[in-house]
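Structure file data_19.txt (compact mmCIF, C-alpha atoms) is printed below.
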# COMPACT_ATOMS: atom_id res chain seq x y z
CA MET A 1 0.00 0.00 0.00
CA ILE A 2 2.60 2.55 1.10
CA THR A 3 4.90 1.57 -1.78
CA GLN A 4 2.13 2.23 -4.28
CA ILE A 5 1.45 5.63 -2.75
CA ILE A 6 5.15 6.49 -2.97
CA ASP A 7 5.28 5.45 -6.62
CA ILE A 8 2.20 7.50 -7.48
CA SER A 9 3.66 10.51 -5.64
CA TYR A 10 6.77 10.14 -7.78
CA LEU A 11 4.59 10.08 -10.88
CA ILE A 12 2.87 13.30 -9.83
CA ALA A 13 6.26 14.85 -9.03
CA VAL A 14 7.53 14.06 -12.55
CA VAL A 15 4.42 15.64 -14.10
CA LEU A 16 5.00 18.72 -11.94
CA PHE A 17 8.62 18.87 -13.14
CA VAL A 18 7.52 18.84 -16.77
CA LEU A 19 4.82 21.46 -16.17
CA GLY A 20 7.34 23.50 -14.20
CA ILE A 21 9.90 23.63 -17.01
CA LYS A 22 7.14 24.28 -19.53
CA ASN A 23 5.82 27.24 -17.55
CA MET A 24 9.30 28.52 -16.84
CA SER A 25 9.97 29.00 -20.54
CA HIS A 26 7.33 31.76 -20.84
CA PRO A 27 7.83 35.13 -19.14
CA ASP A 28 4.30 35.41 -17.74
CA THR A 29 4.18 31.98 -16.14
CA ALA A 30 7.86 31.62 -15.23
CA ARG A 31 7.43 32.20 -11.51
CA LYS A 32 4.52 29.79 -11.27
CA GLY A 33 6.61 27.23 -13.15
CA ASN A 34 9.40 27.50 -10.61
CA LEU A 35 6.94 26.98 -7.76
CA LEU A 36 5.38 23.98 -9.52
CA ALA A 37 8.79 22.37 -9.94
CA ALA A 38 9.66 23.11 -6.31
CA GLY A 39 6.34 21.59 -5.24
CA GLY A 40 7.13 18.46 -7.23
CA MET A 41 10.51 18.23 -5.53
CA GLY A 42 8.95 18.67 -2.10
CA LEU A 43 6.41 15.94 -2.83
CA ALA A 44 9.11 13.55 -4.04
CA MET A 45 11.22 14.21 -0.92
CA LEU A 46 8.25 13.77 1.39
CA ALA A 47 7.26 10.50 -0.28
CA THR A 48 10.81 9.16 0.00
CA PHE A 49 10.61 9.48 3.79
CA PHE A 50 7.93 6.80 3.82
CA THR A 51 10.17 4.25 2.10
CA PRO A 52 9.81 1.05 4.13
CA GLY A 53 12.86 0.29 6.28
CA LEU A 54 14.35 3.77 6.03
CA GLN A 55 16.92 4.23 8.79
CA ASN A 56 18.66 7.27 10.30
CA ILE A 57 15.62 9.45 9.64
CA LEU A 58 16.57 11.98 12.33
CA ILE A 59 20.05 12.51 10.87
CA ILE A 60 18.57 12.88 7.38
CA LEU A 61 16.08 15.45 8.66
CA PHE A 62 18.85 17.32 10.43
CA ALA A 63 20.93 17.42 7.22
CA ILE A 64 17.94 18.65 5.21
CA VAL A 65 17.06 21.38 7.71
CA LEU A 66 20.68 22.50 7.90
CA GLY A 67 21.01 22.47 4.10
CA SER A 68 17.75 24.36 3.67
CA VAL A 69 18.74 27.08 6.13
CA ILE A 70 22.19 27.56 4.57
CA GLY A 71 20.87 27.35 1.00
CA TYR A 72 18.04 29.80 1.66
CA TYR A 73 20.31 32.21 3.49
CA MET A 74 22.88 32.15 0.69
CA SER A 75 20.26 32.69 -1.99
CA ARG A 76 18.85 35.72 -0.12
CA LYS A 77 22.20 37.29 0.66
CA VAL A 78 23.79 36.99 -2.77
CA ALA A 79 24.01 40.20 -4.81
CA MET A 80 21.89 40.29 -7.96
CA THR A 81 25.01 40.62 -10.06
CA ALA A 82 26.53 37.52 -8.49
CA MET A 83 23.63 35.21 -9.41
CA PRO A 84 25.38 33.13 -12.10
CA GLN A 85 28.21 32.10 -9.77
CA MET A 86 25.65 31.23 -7.11
CA VAL A 87 23.87 28.94 -9.58
CA SER A 88 27.22 27.43 -10.48
CA PHE A 89 27.99 26.77 -6.81
CA PHE A 90 24.63 25.09 -6.23
CA ASN A 91 25.11 23.02 -9.36
CA GLY A 92 28.51 21.91 -8.11
CA MET A 93 26.88 20.80 -4.84
CA GLY A 94 24.44 18.61 -6.82
CA GLY A 95 27.32 17.04 -8.72
CA ALA A 96 29.23 16.45 -5.49
CA ALA A 97 26.16 14.80 -3.94
CA ALA A 98 25.89 12.43 -6.93
CA ALA A 99 29.58 11.54 -6.65
CA LEU A 100 29.25 11.00 -2.86
CA ILE A 101 26.28 8.68 -3.40
CA ALA A 102 28.35 6.69 -5.90
CA ILE A 103 31.24 6.48 -3.42
CA ALA A 104 28.92 5.36 -0.63
CA GLU A 105 27.55 2.65 -2.95
CA VAL A 106 31.04 1.52 -3.93
CA TYR A 107 32.03 1.42 -0.27
CA GLY A 108 28.96 -0.71 0.39
CA ILE A 109 29.85 -3.06 -2.46
CA PHE A 110 33.35 -3.68 -1.19
CA HIS A 111 32.56 -3.82 2.51
CA SER A 112 29.44 -5.88 2.89
CA PRO A 113 29.56 -9.57 2.01
CA ASP A 114 26.02 -9.64 0.63
CA ALA A 115 26.52 -6.86 -1.85
CA GLN A 116 29.85 -8.30 -2.87
CA LEU A 117 28.08 -11.45 -4.01
CA THR A 118 25.69 -9.61 -6.32
CA PHE A 119 28.54 -7.51 -7.55
CA MET A 120 30.66 -10.49 -8.52
CA SER A 121 27.88 -12.40 -10.23
CA ASN A 122 28.76 -10.81 -13.59
CA THR A 123 25.20 -10.80 -14.89
CA SER A 124 24.09 -8.15 -17.33
CA THR A 125 22.15 -6.52 -14.46
CA ALA A 126 25.37 -6.20 -12.50
CA TYR A 127 27.08 -4.63 -15.51
CA PHE A 128 24.21 -2.22 -15.94
CA TYR A 129 24.32 -1.24 -12.29
CA PHE A 130 28.06 -0.85 -12.30
CA GLY A 131 28.05 1.22 -15.49
CA ALA A 132 25.48 3.61 -14.01
CA LEU A 133 27.60 3.83 -10.85
CA LEU A 134 30.74 4.78 -12.77
CA VAL A 135 28.92 7.43 -14.84
CA SER A 136 27.51 8.99 -11.65
CA LEU A 137 30.95 9.02 -10.08
CA VAL A 138 32.93 10.47 -12.99
CA ILE A 139 30.39 12.98 -14.31
CA GLY A 140 29.47 14.03 -10.76
CA ALA A 141 33.14 14.72 -9.99
CA ILE A 142 33.61 16.66 -13.25
CA SER A 143 30.46 18.66 -12.60
CA PHE A 144 31.59 19.52 -9.07
CA SER A 145 35.13 20.70 -9.81
CA GLY A 146 34.10 22.32 -13.10
CA SER A 147 31.31 24.28 -11.41
CA ILE A 148 33.59 25.47 -8.64
CA ILE A 149 36.17 26.69 -11.19
CA ALA A 150 33.39 28.37 -13.22
CA MET A 151 32.19 30.06 -10.03
CA GLY A 152 35.75 31.13 -9.27
CA LYS A 153 36.18 32.64 -12.70
CA LEU A 154 33.07 34.75 -12.26
CA GLN A 155 33.80 35.65 -8.64
CA GLY A 156 37.43 36.42 -9.39
CA PHE A 157 39.29 33.92 -7.20
CA VAL A 158 40.29 32.02 -10.35
CA SER A 159 41.73 33.86 -13.34
CA GLY A 160 38.86 34.86 -15.61
CA ALA A 161 41.13 34.85 -18.62
CA SER A 162 41.42 31.87 -20.89
CA VAL A 163 44.23 29.91 -19.25
CA LYS A 164 46.31 27.97 -21.76
CA TRP A 165 49.16 25.54 -21.54
CA PRO A 166 51.10 23.62 -24.20
CA MET A 167 49.55 20.44 -25.60
CA GLN A 168 46.24 21.40 -24.00
CA LYS A 169 44.05 19.31 -26.27
CA VAL A 170 46.37 16.32 -25.94
CA THR A 171 46.47 16.43 -22.13
CA ASN A 172 42.70 16.86 -21.78
CA ASN A 173 41.76 14.16 -24.26
CA GLY A 174 44.49 11.93 -22.87
CA LEU A 175 43.12 12.28 -19.35
CA LEU A 176 39.63 11.45 -20.62
CA LEU A 177 41.02 8.34 -22.32
CA VAL A 178 42.79 7.27 -19.12
CA ILE A 179 39.51 7.61 -17.20
CA ALA A 180 37.64 5.61 -19.84
CA PHE A 181 40.34 2.93 -19.82
CA LEU A 182 40.26 2.59 -16.03
CA CYS A 183 36.45 2.33 -16.12
CA VAL A 184 36.56 -0.47 -18.69
CA TRP A 185 39.25 -2.20 -16.69
CA LEU A 186 37.06 -2.07 -13.60
CA PHE A 187 34.47 -4.14 -15.41
CA GLN A 188 36.60 -7.18 -14.71
CA MET A 189 35.01 -6.80 -11.31
CA GLU A 190 37.79 -8.24 -9.22
CA SER A 191 38.00 -7.63 -5.54
CA GLY A 192 40.95 -5.45 -4.62
CA GLN A 193 40.03 -2.94 -7.30
CA GLU A 194 38.48 -0.59 -4.77
CA PRO A 195 41.34 1.99 -4.75
CA LEU A 196 40.97 2.27 -8.52
CA ILE A 197 37.50 3.72 -8.05
CA TYR A 198 38.81 6.49 -5.82
CA ILE A 199 41.55 7.19 -8.37
CA ILE A 200 38.90 7.52 -11.09
CA CYS A 201 36.99 9.98 -8.91
CA LEU A 202 40.16 12.01 -8.39
CA LEU A 203 40.91 12.05 -12.13
CA GLY A 204 37.33 13.20 -12.78
CA LEU A 205 37.92 16.13 -10.40
CA VAL A 206 41.15 17.01 -12.22
CA PHE A 207 39.44 16.80 -15.60
CA GLY A 208 36.69 19.19 -14.46
CA VAL A 209 39.36 21.77 -13.62
CA LEU A 210 41.28 21.29 -16.88
CA PHE A 211 38.05 21.39 -18.86
CA VAL A 212 36.90 24.80 -17.57
CA MET A 213 40.26 26.57 -17.11
CA PRO A 214 40.85 27.31 -20.83
CA ILE A 215 37.41 28.90 -21.26
CA GLY A 216 37.17 32.66 -20.76
CA GLY A 217 35.02 34.20 -18.01
CA ALA A 218 32.55 35.72 -20.48
CA ASP A 219 31.55 32.26 -21.67
CA MET A 220 30.92 30.90 -18.16
CA PRO A 221 27.08 30.96 -18.37
CA VAL A 222 27.25 28.50 -21.27
CA VAL A 223 29.66 26.29 -19.32
CA ILE A 224 27.45 26.41 -16.22
CA SER A 225 24.44 25.42 -18.30
CA LEU A 226 26.38 22.51 -19.79
CA LEU A 227 27.60 21.36 -16.36
CA ASN A 228 24.00 21.61 -15.19
CA ALA A 229 23.02 19.19 -17.96
CA PHE A 230 25.86 16.95 -16.69
CA THR A 231 24.42 17.00 -13.17
CA GLY A 232 21.05 16.07 -14.67
CA LEU A 233 22.71 13.09 -16.30
CA THR A 234 24.19 11.97 -12.98
CA ALA A 235 20.75 12.28 -11.38
CA ALA A 236 19.43 9.97 -14.09
CA THR A 237 22.16 7.37 -13.60
CA THR A 238 21.70 7.58 -9.82
CA GLY A 239 18.02 6.89 -10.52
CA MET A 240 19.07 3.76 -12.40
CA LEU A 241 21.19 2.68 -9.42
CA PHE A 242 18.22 2.84 -7.08
CA ASP A 243 15.63 1.89 -9.68
CA ASN A 244 13.96 5.17 -8.79
CA LYS A 245 11.72 6.69 -11.46
CA VAL A 246 11.56 10.27 -10.18
CA MET A 247 15.34 10.64 -10.20
CA LEU A 248 15.59 8.96 -13.58
CA MET A 249 12.92 11.08 -15.24
CA GLY A 250 13.90 14.31 -13.51
CA GLY A 251 17.53 13.73 -14.43
CA VAL A 252 16.81 12.96 -18.08
CA LEU A 253 14.52 16.00 -18.33
CA VAL A 254 17.18 18.29 -16.91
CA GLY A 255 19.84 16.66 -19.07
CA ALA A 256 17.89 17.16 -22.30
CA ALA A 257 16.47 20.58 -21.43
CA GLY A 258 19.85 21.73 -20.10
CA LEU A 259 21.68 20.65 -23.24
CA LEU A 260 19.15 22.41 -25.47
CA LEU A 261 19.37 25.53 -23.30
CA THR A 262 23.18 25.42 -23.65
CA LEU A 263 22.84 25.33 -27.43
CA LEU A 264 20.28 28.17 -27.36
CA MET A 265 22.62 30.28 -25.25
CA CYS A 266 25.41 29.69 -27.77
CA LYS A 267 23.09 30.60 -30.59
CA ALA A 268 22.12 33.84 -28.83
CA MET A 269 25.83 34.71 -28.79
CA ASN A 270 26.04 33.68 -32.44
CA ARG A 271 28.64 31.02 -31.74
CA SER A 272 28.78 27.27 -31.81
CA LEU A 273 29.15 25.16 -28.67
CA SER A 274 32.44 23.71 -29.90
CA ALA A 275 33.74 27.25 -30.50
CA VAL A 276 32.92 28.10 -26.88
CA LEU A 277 34.37 24.92 -25.42
CA PHE A 278 37.32 24.32 -27.69
CA GLY A 279 37.81 27.73 -29.30
CA ALA A 280 40.52 28.40 -26.78
CA PHE A 281 42.44 25.41 -28.07
CA ASN A 282 42.38 26.38 -31.71
CA THR A 283 42.92 30.11 -31.76
CA ALA A 284 45.44 32.32 -30.08
CA GLY A 285 42.96 35.18 -29.67
CA GLY A 286 39.97 35.52 -27.39
CA ALA A 287 36.27 35.66 -28.04
CA ALA A 288 36.54 37.97 -31.04
CA SER A 289 38.44 35.50 -33.18
CA ASP A 290 36.28 32.61 -32.02
CA ARG A 291 33.39 34.30 -33.72
CA ASP A 292 34.95 33.64 -37.09
CA ILE A 293 35.08 29.88 -36.71
CA ASP A 294 31.64 28.82 -37.81
CA PRO A 295 28.62 30.66 -36.49
CA THR A 296 26.18 28.52 -38.47
CA HIS A 297 27.37 25.28 -36.99
CA VAL A 298 25.33 24.68 -33.85
CA MET B 1 27.35 -8.98 -28.70
CA GLU B 2 24.67 -11.33 -27.50
CA GLN B 3 25.05 -9.97 -24.01
CA LEU B 4 24.62 -6.43 -25.28
CA LEU B 5 21.48 -7.38 -27.21
CA SER B 6 19.96 -9.09 -24.20
CA LEU B 7 20.85 -6.09 -22.06
CA ILE B 8 18.94 -3.85 -24.48
CA HIS B 9 16.07 -6.29 -24.63
CA GLU B 10 15.76 -6.60 -20.86
CA ASN B 11 15.61 -2.84 -20.46
CA LEU B 12 13.47 -2.08 -23.48
CA GLN B 13 10.79 -0.34 -21.45
CA LEU B 14 13.39 1.84 -19.76
CA ILE B 15 14.90 2.77 -23.12
CA TYR B 16 11.50 3.76 -24.51
CA VAL B 17 10.87 5.95 -21.48
CA LEU B 18 14.32 7.55 -21.72
CA ILE B 19 13.94 8.42 -25.40
CA LEU B 20 10.51 9.92 -24.86
CA ALA B 21 11.76 11.87 -21.83
CA VAL B 22 14.56 13.38 -23.92
CA PHE B 23 12.00 14.58 -26.47
CA VAL B 24 9.78 15.99 -23.72
CA GLY B 25 12.78 17.77 -22.21
CA ILE B 26 13.61 19.35 -25.56
CA GLU B 27 9.99 20.11 -26.40
CA VAL B 28 8.99 21.87 -23.15
CA MET B 29 11.84 24.34 -23.60
CA GLY B 30 10.07 25.56 -26.72
CA LYS B 31 11.20 28.90 -28.01
CA VAL B 32 12.39 30.36 -24.77
CA PRO B 33 13.12 34.11 -24.98
CA GLN B 34 16.69 35.14 -24.29
CA VAL B 35 15.81 37.08 -21.12
CA LEU B 36 14.71 33.81 -19.54
CA HIS B 37 17.94 31.92 -20.30
CA THR B 38 19.54 32.56 -16.92
CA PRO B 39 16.42 31.93 -14.77
CA LEU B 40 15.71 28.76 -16.74
CA MET B 41 19.28 27.60 -16.26
CA SER B 42 18.89 28.26 -12.54
CA GLY B 43 15.52 26.50 -12.40
CA SER B 44 16.71 23.39 -14.19
CA ASN B 45 19.76 23.45 -11.92
CA ALA B 46 17.44 23.25 -8.92
CA LEU B 47 15.67 20.33 -10.58
CA SER B 48 18.93 18.46 -11.05
CA GLY B 49 19.07 18.50 -7.25
CA VAL B 50 16.65 15.57 -7.50
CA VAL B 51 19.71 13.49 -6.52
CA ILE B 52 18.53 14.39 -3.01
CA ILE B 53 16.21 11.38 -3.29
CA GLY B 54 19.25 9.17 -3.86
CA SER B 55 21.04 10.78 -0.93
CA ILE B 56 18.09 10.06 1.36
CA LEU B 57 17.89 6.46 0.13
CA VAL B 58 21.61 5.80 0.51
CA MET B 59 21.56 7.31 3.99
CA GLY B 60 18.43 5.34 4.84
CA LYS B 61 20.03 1.97 4.23
CA THR B 62 23.26 2.74 6.07
CA ALA B 63 23.80 0.82 9.28
CA PRO B 64 23.71 3.28 12.23
CA ASP B 65 27.16 2.14 13.40
CA ASN B 66 28.91 2.57 10.04
CA TYR B 67 30.34 6.00 10.74
CA LEU B 68 32.23 6.55 7.50
CA ALA B 69 29.17 5.74 5.38
CA LEU B 70 27.06 7.93 7.66
CA VAL B 71 29.38 10.89 7.15
CA LEU B 72 29.32 10.35 3.37
CA GLY B 73 25.53 10.11 3.38
CA PHE B 74 25.15 13.15 5.61
CA MET B 75 27.32 15.21 3.26
CA ALA B 76 25.37 13.96 0.25
CA VAL B 77 22.01 14.94 1.79
CA LEU B 78 23.36 18.32 2.93
CA LEU B 79 24.89 19.25 -0.44
CA ALA B 80 21.88 18.04 -2.43
CA THR B 81 19.59 20.08 -0.17
CA LEU B 82 21.74 23.14 -0.84
CA ASN B 83 21.27 22.47 -4.55
CA VAL B 84 17.49 22.09 -4.27
CA VAL B 85 16.58 24.83 -1.79
CA GLY B 86 19.22 27.32 -2.89
CA GLY B 87 18.42 26.64 -6.53
CA PHE B 88 14.68 27.22 -6.27
CA ALA B 89 15.11 30.24 -3.98
CA VAL B 90 17.63 31.91 -6.29
CA THR B 91 15.40 31.26 -9.31
CA ASP B 92 12.43 32.77 -7.50
CA ARG B 93 14.46 35.85 -6.68
CA MET B 94 15.58 36.24 -10.28
CA LEU B 95 12.04 35.91 -11.60
CA ASP B 96 10.76 38.34 -9.01
CA MET B 97 13.27 40.92 -10.17
CA PHE B 98 12.23 40.21 -13.74
CA ARG B 99 8.57 40.85 -12.94
CA LYS B 100 9.30 44.12 -11.16
CA LYS B 101 11.43 45.29 -14.05
CA LYS B 102 8.60 44.56 -16.45
CA LYS B 103 6.11 46.55 -14.40
CA GLY B 104 8.37 49.49 -13.76
Re-express the file's structure as C-alpha cells.
Amino acid sequence: MITQIIDISYLIAVVLFVLGIKNMSHPDTARKGNLLAAGGMGLAMLATFFTPGLQNILIILFAIVLGSVIGYYMSRKVAMTAMPQMVSFFNGMGGAAAALIAIAEVYGIFHSPDAQLTFMSNTSTAYFYFGALLVSLVIGAISFSGSIIAMGKLQGFVSGASVKWPMQKVTNNGLLLVIAFLCVWLFQMESGQEPLIYIICLLGLVFGVLFVMPIGGADMPVVISLLNAFTGLTAATTGMLFDNKVMLMGGVLVGAAGLLLTLLMCKAMNRSLSAVLFGAFNTAGGAASDRDIDPTHV
Amino acid sequence: MEQLLSLIHENLQLIYVLILAVFVGIEVMGKVPQVLHTPLMSGSNALSGVVIIGSILVMGKTAPDNYLALVLGFMAVLLATLNVVGGFAVTDRMLDMFRKKKKG
C-alpha cells in the first residue's frame, strides 16, 4: 500500500517537473513554473521518507534542515550581479552529492559480504548497475570541480582569462582516455580494485578543472548550463542505481532541457558550442576570433 | 554482442521511457526568450538536485554504526539540499526581479 502511494507521488512529481519547465519558458508563467517544480521536488522528498525500512531518519532530517537554512540564506544574501556564480555553486553541490552517493555505494559493495556477491555475479544486471555507478561518479566529480572553477572565474578567485598551456588538447583528451580505460578495466570486477574507483573519482575532479580553465570568463554561463546538464545526467544514472523513477525522469529531463538551453545560449551569442568549449584550443585570440570559426554550426 | 542485445532487450521499457523523456525535455523548452535563459538555467539546476532522493535512500540503508558511510551520506544529503533549496530560492528571486522590471 505505502509503496504504491510512494510510486504514485513520484509520478505526480515528474508531471509537476515537466509542467514546471514548460511554464518557466514563458515570461508570464515563469514564476509559477518555478513553484510547480519546487512543489514536485517537495512531494518527491516527502514520499521518500515513507520508504519502508528507512533508517537514520533523524540525521537525514537534520541534514535537510541544515542544508535548507544555509541554502536559503545564501540565496537571499547573494548580490543580484553575483547570481550566475551562485547557480554554479549550487550546481557543483548537486554534482558532489551524486559523486558521494556513488562512493557510498562503492564502499557498500566492497565492505558488505552480501553486496559483494551480487557484484561479482557478472550478470548483465550487474554490468548495468556498475556502469550507471561509474557514470555517476565520474560525471558528478567533473560537474563539481568544473562548477567550482566556473564560479571562481566569475567571482574572481580564479583567473577569468582563458588559461592555456602547451599540448592542452592532448592532455585533456588523454586524461579522458585514461579515465575511460580505467572504467573499462574495472568491469573485470575483481575484488581489490576498490582503490581504482577512488583514483577515477580524483581524475574526474582534475578533468573538471582542466576542462573549464581554458574557457574565458565571459563564456561561463554556457559552461554552467552545460555542467547543469551533466548534473542532470548523474541524477538519471543515480536513478538507475536505485531503480527510482523520479530521479531517472527528472535527471533525463534536466539533461535534455539543459543541453538544449546550452545550445540556445550559444546561438544567442552567435557562436557554436564547440567554439565556446574548444575555441581556446584552436585560436590564439579571445572571443573575437572565435566568432569567425563557424557561427552557423550549432 | 549477444550480451549487449539481451541487455537492451531486458531494459526495453526503460529505453522507450528515456527516449521519450529526452524529447519531452527538448519540447517543453520551446522557443524560450533570451531574457529567460539565466532563470531557466537556474531552475533546471534546482531540478537536477533531484539526486537528493538518492542521498536520502543511501543514507536510509546505512547501518547506524557505520560511521564513514554515515558521514558520506550526511554530506550527500546536505549538499543536495543546498542544490534544491538554494536553486529554487535563487530562481524565484531572479524571476521576481524580472517581474518588477517589467512593471516598472
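Counting only C-alpha atoms and comparing B:Leu5, B:Val90, B:Leu14, B:Leu68, the residue that lies closest to chain A is B:Val90.
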Q | Within 9 Å of A:Ile12 using only C-alpha atoms, minus same-chain residues under 4 positions, as number ranges by chain | A | A: 7-8, 16-17, 40, 43-44
Q | chain A contacts on chain B, all atoms listed in the file, 6 Å, as a PyMOL selection string | A | chain B and resi 22+25-26+28-29+32+41-42+44-45+48-51+60-61+76+78-83+85-86+90+95
(Q) Give me, as number ranges by chain, all polymer residues having an atom no more than 6 Å from stretch 157-169 of chain A, counting all atoms listed in the file and skipping those fewer than 6 positions away in the same chain. (A) A: 213-217
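Using only C-alpha atoms, the smallest distance between any of A:Leu202, A:Ala126, A:Leu176, A:Val106 and A:Phe144 comes from A:Leu202.
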Write out as JSON an axis-aligned box for stretch 39-45 of chain B: all of its atoms listed in the file, 6 Å added on each side, centre and edge lengths in Å with one decimal.
{"center_x": 17.6, "center_y": 27.7, "center_z": -14.3, "size_x": 16.2, "size_y": 20.5, "size_z": 16.8}
Q: Work out how far apart atom CA of B:Thr62 and atom CA of B:Phe74 are and give it in Å to one decimal.
A: 10.6 Å
Generate N, CA and C atoms for stretch 58-84 of chain B and emit them as an mmCIF file, in the coordinates of the input.
data_model
loop_
_atom_site.group_PDB
_atom_site.id
_atom_site.type_symbol
_atom_site.label_atom_id
_atom_site.label_comp_id
_atom_site.auth_asym_id
_atom_site.auth_seq_id
_atom_site.Cartn_x
_atom_site.Cartn_y
_atom_site.Cartn_z
ATOM 1 N N VAL B 58 20.319 6.409 0.154
ATOM 2 C CA VAL B 58 21.610 5.800 0.510
ATOM 3 C C VAL B 58 21.851 5.946 2.009
ATOM 4 N N MET B 59 21.451 7.082 2.554
ATOM 5 C CA MET B 59 21.560 7.310 3.990
ATOM 6 C C MET B 59 20.623 6.364 4.746
ATOM 7 N N GLY B 60 19.445 6.140 4.171
ATOM 8 C CA GLY B 60 18.430 5.340 4.840
ATOM 9 C C GLY B 60 18.776 3.869 4.951
ATOM 10 N N LYS B 61 19.686 3.397 4.120
ATOM 11 C CA LYS B 61 20.030 1.970 4.230
ATOM 12 C C LYS B 61 21.395 1.752 4.878
ATOM 13 N N THR B 62 21.986 2.859 5.390
ATOM 14 C CA THR B 62 23.260 2.740 6.070
ATOM 15 C C THR B 62 23.051 2.238 7.501
ATOM 16 N N ALA B 63 23.886 1.296 7.911
ATOM 17 C CA ALA B 63 23.800 0.820 9.280
ATOM 18 C C ALA B 63 24.203 1.955 10.225
ATOM 19 N N PRO B 64 23.449 2.140 11.347
ATOM 20 C CA PRO B 64 23.710 3.280 12.230
ATOM 21 C C PRO B 64 25.098 3.269 12.876
ATOM 22 N N ASP B 65 25.835 2.156 12.779
ATOM 23 C CA ASP B 65 27.160 2.140 13.400
ATOM 24 C C ASP B 65 28.284 2.242 12.360
ATOM 25 N N ASN B 66 27.910 2.433 11.093
ATOM 26 C CA ASN B 66 28.910 2.570 10.040
ATOM 27 C C ASN B 66 29.210 4.047 9.843
ATOM 28 N N TYR B 67 30.172 4.545 10.646
ATOM 29 C CA TYR B 67 30.340 6.000 10.740
ATOM 30 C C TYR B 67 30.803 6.635 9.439
ATOM 31 N N LEU B 68 31.727 5.969 8.738
ATOM 32 C CA LEU B 68 32.230 6.550 7.500
ATOM 33 C C LEU B 68 31.103 6.726 6.487
ATOM 34 N N ALA B 69 30.290 5.668 6.321
ATOM 35 C CA ALA B 69 29.170 5.740 5.380
ATOM 36 C C ALA B 69 28.161 6.797 5.824
ATOM 37 N N LEU B 70 27.987 6.916 7.154
ATOM 38 C CA LEU B 70 27.060 7.930 7.660
ATOM 39 C C LEU B 70 27.530 9.335 7.312
ATOM 40 N N VAL B 71 28.840 9.564 7.470
ATOM 41 C CA VAL B 71 29.380 10.890 7.150
ATOM 42 C C VAL B 71 29.193 11.174 5.661
ATOM 43 N N LEU B 72 29.511 10.186 4.819
ATOM 44 C CA LEU B 72 29.320 10.350 3.370
ATOM 45 C C LEU B 72 27.865 10.677 3.052
ATOM 46 N N GLY B 73 26.948 9.902 3.635
ATOM 47 C CA GLY B 73 25.530 10.110 3.380
ATOM 48 C C GLY B 73 25.056 11.460 3.855
ATOM 49 N N PHE B 74 25.533 11.850 5.044
ATOM 50 C CA PHE B 74 25.150 13.150 5.610
ATOM 51 C C PHE B 74 25.580 14.275 4.665
ATOM 52 N N MET B 75 26.827 14.188 4.195
ATOM 53 C CA MET B 75 27.320 15.210 3.260
ATOM 54 C C MET B 75 26.470 15.221 1.990
ATOM 55 N N ALA B 76 26.149 14.039 1.487
ATOM 56 C CA ALA B 76 25.370 13.960 0.250
ATOM 57 C C ALA B 76 24.008 14.622 0.426
ATOM 58 N N VAL B 77 23.329 14.328 1.556
ATOM 59 C CA VAL B 77 22.010 14.940 1.790
ATOM 60 C C VAL B 77 22.152 16.454 1.922
ATOM 61 N N LEU B 78 23.163 16.881 2.684
ATOM 62 C CA LEU B 78 23.360 18.320 2.930
ATOM 63 C C LEU B 78 23.606 19.059 1.616
ATOM 64 N N LEU B 79 24.535 18.554 0.808
ATOM 65 C CA LEU B 79 24.890 19.250 -0.440
ATOM 66 C C LEU B 79 23.722 19.240 -1.410
ATOM 67 N N ALA B 80 23.022 18.094 -1.508
ATOM 68 C CA ALA B 80 21.880 18.040 -2.430
ATOM 69 C C ALA B 80 20.789 18.998 -1.990
ATOM 70 N N THR B 81 20.591 19.134 -0.659
ATOM 71 C CA THR B 81 19.590 20.080 -0.170
ATOM 72 C C THR B 81 19.968 21.507 -0.544
ATOM 73 N N LEU B 82 21.270 21.819 -0.412
ATOM 74 C CA LEU B 82 21.740 23.140 -0.840
ATOM 75 C C LEU B 82 21.346 23.380 -2.288
ATOM 76 N N ASN B 83 21.583 22.370 -3.132
ATOM 77 C CA ASN B 83 21.270 22.470 -4.550
ATOM 78 C C ASN B 83 19.779 22.741 -4.765
ATOM 79 N N VAL B 84 18.940 21.972 -4.067
ATOM 80 C CA VAL B 84 17.490 22.090 -4.270
ATOM 81 C C VAL B 84 16.971 23.425 -3.727
#
